[in-house]
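J.: One structure, pasted below without further comment.
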Amino acid sequence: ATTIHLQISQITPTIGWTPSASSITYGATLSGILNASAANGSTAVAGTFVYTATSVTGSTAVVSSASVLSAGSYTLTATFTPANTTQYTTATSHVALTIVAATPSILLGSSSNPVYVSNPIVLSATVTSTAGTPTGVVNFYDGTTLLGTVTLSSGTASYTTSSLAVATHSIVATYSGDNNFNSVTSAAVAEIVQDYAITVSGSGSGSGSSGGTR
């Protein structure tokens, strides 16, 4: 009698994975990105996928369609486990994904405008984004002259000054940016600083007025 040894190897499914984009903006979920499928030829292979994201620093985390990744470059891995582990083996596939920093909005306001010289004003900058709350610092400028630097707290930074001279000042606030948010500069606020004025009127046979400042 002749004995024939027949070894039937498991089939490794083909992973098809075409993400909707190779880069997305911070704050967006991975919906539309984690869309891998498994097939044997033209036949779909049943099973489950587990997705992970590996950053350039080497840290790896399991992700889902609802995940939001920090800005940076990642390698996404799809690991497929077939329902029929007798016929099919596990399979993996990789794609690259870049998360680009979001650009927030910044609004600058003044507590008093116009203001008399030497009186304090509070300059307040609010930095907002639908992607989250930006962190970092805000620099306040009078034209190109730096007035001060303030760390954001819950998206807001305030700076108090009473040193502006009599004139119209172009005040701007510049947000420095952080890992997930780009830097941005506010529209200019024309801050008017006025001098004190005194007018004296006389009576009787003669009258007059004089102007002065103090």
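Chain labels follow the order of the structure tokens: the first chain is A, the next B, and so on; residue numbering restarts at 1 in every chain, and ligands are counted from 1 in their shown order.
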Please identify all polymer residues within 10 Å of Ser37 (chain A), counting only C-alpha atoms, omitting same-chain residues fewer than 2 positions from it, and present them as a list in words.
T.: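 Here the qualifying residues turn out to be Pro13, Thr14, Ile15, Gly16, Trp17, Thr18, Leu34, Asn35, Ala39, Ala44, Val45, Ala46, Gly47, Thr48, Phe49, Ala78 and Phe80 of chain A.
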J.: Next, the residues of the selection above should be written as a tab-separated table (two decimals), in the first residue's frame with C-alpha atoms.
T.:
chain	number	residue	atom	x	y	z
A	13	PRO	CA	-6.39	36.42	3.51
A	14	THR	CA	-5.61	39.49	1.45
A	15	ILE	CA	-6.16	42.71	3.39
A	16	GLY	CA	-7.66	45.56	1.42
A	17	TRP	CA	-7.23	48.92	3.08
A	18	THR	CA	-7.78	52.27	1.42
A	34	LEU	CA	-10.19	52.30	9.80
A	35	ASN	CA	-11.97	50.58	6.93
A	39	ALA	CA	-10.78	38.53	1.23
A	44	ALA	CA	-14.92	38.05	1.60
A	45	VAL	CA	-13.46	36.39	4.67
A	46	ALA	CA	-15.37	36.78	7.92
A	47	GLY	CA	-13.51	37.87	11.01
A	48	THR	CA	-12.57	40.81	13.17
A	49	PHE	CA	-10.04	43.63	12.95
A	78	ALA	CA	-4.82	46.44	11.04
A	80	PHE	CA	-7.24	40.53	11.13
J.: At a cut-off of 10 Å, can you tabulate as a Markdown table every residue of region 88-176 of chain A near region 53-69 of chain A together with its closest atom pair and the distance in Å to one decimal, using only C-alpha atoms and ordering rows by chain then number?
T.:
| residue | atom | partner | partner_atom | distance |
| --- | --- | --- | --- | --- |
| A:His94 | CA | A:Ala53 | CA | 9.7 |
| A:Val95 | CA | A:Ala53 | CA | 9.7 |
| A:Ala96 | CA | A:Ala53 | CA | 9.4 |
| A:Leu97 | CA | A:Ala53 | CA | 9.0 |
| A:Thr98 | CA | A:Leu69 | CA | 9.6 |
| A:Ile99 | CA | A:Leu69 | CA | 7.1 |
| A:Val100 | CA | A:Leu69 | CA | 10.0 |
| A:Ala131 | CA | A:Val68 | CA | 9.5 |
J.: Quick one: residues within 10 Å of Ile24 (chain A), only C-alpha atoms counted, chain neighbours fewer than 2 positions away excluded, as number ranges by chain?
T.: A: 20-22, 26-30, 33, 69, 71, 97-102
J.: Restricting the calculation to only C-alpha atoms: of A:Thr85, A:Thr133, A:Ser23, A:Thr43, which residue gets closest to Ser9 (chain A)?
T.: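 Counting only C-alpha atoms, the residue closest to Ser9 (chain A) is A:Thr85.
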J.: Find, counting only C-alpha atoms, the residue in A:Thr90, A:Thr144, A:Ser105, A:Ser118 that gets nearest to Thr160 (chain A).
T.: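 Nearest candidate to Thr160 (chain A) out of A:Thr90, A:Thr144, A:Ser105, A:Ser118: A:Ser118.
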J.: Residues near Phe140 (chain A), anyone? I mean within 12 Å using only C-alpha atoms, not counting same-chain ones fewer than 3 positions away, as a PDB file with C-alpha atoms, in the first residue's frame.
T.:
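Contents of part-v5.pdb, as written:
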ATOM      1  CA  LEU A 108      -8.671  90.233  21.548  1.00  0.00           C
ATOM      2  CA  GLY A 109     -10.571  92.751  23.642  1.00  0.00           C
ATOM      3  CA  SER A 110      -9.860  95.761  25.848  1.00  0.00           C
ATOM      4  CA  VAL A 122      -6.988  94.864  30.795  1.00  0.00           C
ATOM      5  CA  LEU A 123      -6.211  93.231  27.457  1.00  0.00           C
ATOM      6  CA  SER A 124      -7.899  89.844  27.166  1.00  0.00           C
ATOM      7  CA  ALA A 125      -7.245  87.223  24.503  1.00  0.00           C
ATOM      8  CA  VAL A 137       1.200  81.380  25.885  1.00  0.00           C
ATOM      9  CA  GLY A 143       2.739  97.491  17.328  1.00  0.00           C
ATOM     10  CA  THR A 144       5.997  95.531  17.301  1.00  0.00           C
ATOM     11  CA  THR A 145       6.804  96.206  20.961  1.00  0.00           C
ATOM     12  CA  LEU A 146       6.188  93.296  23.295  1.00  0.00           C
ATOM     13  CA  LEU A 147       4.060  94.349  26.246  1.00  0.00           C
ATOM     14  CA  GLY A 148       3.981  91.016  28.048  1.00  0.00           C
ATOM     15  CA  THR A 149       3.572  87.249  27.846  1.00  0.00           C
ATOM     16  CA  VAL A 150       0.781  85.390  29.624  1.00  0.00           C
ATOM     17  CA  THR A 151       0.100  81.657  29.926  1.00  0.00           C
ATOM     18  CA  ALA A 157      -5.001  85.133  28.813  1.00  0.00           C
ATOM     19  CA  SER A 158      -5.253  88.635  30.309  1.00  0.00           C
ATOM     20  CA  TYR A 159      -2.614  91.356  30.595  1.00  0.00           C
ATOM     21  CA  THR A 160      -2.963  94.615  32.533  1.00  0.00           C
ATOM     22  CA  THR A 161      -1.051  97.760  31.607  1.00  0.00           C
ATOM     23  CA  SER A 170      -2.333  99.095  17.480  1.00  0.00           C
ATOM     24  CA  ILE A 171      -2.612  96.228  19.962  1.00  0.00           C
ATOM     25  CA  VAL A 172      -2.412  92.601  18.847  1.00  0.00           C
ATOM     26  CA  ALA A 173      -2.231  89.264  20.621  1.00  0.00           C
ATOM     27  CA  THR A 174      -0.253  86.342  19.225  1.00  0.00           C
ATOM     28  CA  TYR A 175      -0.881  82.793  20.370  1.00  0.00           C
ATOM     29  CA  SER A 176       2.308  80.710  20.393  1.00  0.00           C
ATOM     30  CA  THR A 185      -2.436  86.352  15.609  1.00  0.00           C
ATOM     31  CA  SER A 186      -5.526  88.384  16.453  1.00  0.00           C
ATOM     32  CA  ALA A 187      -6.944  91.294  14.547  1.00  0.00           C
ATOM     33  CA  ALA A 188      -5.527  94.589  15.793  1.00  0.00           C
ATOM     34  CA  VAL A 189      -7.393  96.645  18.388  1.00  0.00           C
TER      35      VAL A 189
END
J.: From a backbone DSSP assignment, name each residue in chain A labelled strand (DSSP E), as a PyMOL selection string.
T.: chain A and resi 14-16+23-25+37-40+43-44+47-55+60-63+72-82+91-100+105-110+115-116+121-128+137-142+145-151+156-161+167-175+184-185+189-194+198-201+209-212
J.: Using only C-alpha atoms, pick whichever of A:Val166, A:Leu152, A:Ala36, A:Leu76 has the shortest atom-to-atom distance to Thr135 (chain A).
T.: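 Smallest distance to Thr135 (chain A) is found for A:Leu152.
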J.: Please compute the CA of Asp195 (chain A)-CA of Ala167 (chain A) distance, one decimal, in Å.
T.: 8.9 Å
J.: Restricting the calculation to only C-alpha atoms: of A:Thr92, A:Thr75, A:Asn84, A:Ser162, which residue gets closest to Ser111 (chain A)?
T.: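 Among A:Thr92, A:Thr75, A:Asn84, A:Ser162, it is A:Ser162 that comes nearest to Ser111 (chain A).
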J.: Taking into account only C-alpha atoms, which residue in the set A:Ser73, A:Ser31, A:Val138, A:Ile106 is nearest to Pro19 (chain A)?
T.: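 So, comparing all the options, the nearest one is A:Ser31.
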J.: One decimal, Å: what's the distance from CA of Gly32 (chain A) over to CA of Gly177 (chain A), could you say?
T.: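 Between CA of Gly32 (chain A) and CA of Gly177 (chain A) the gap is 27.8 Å.
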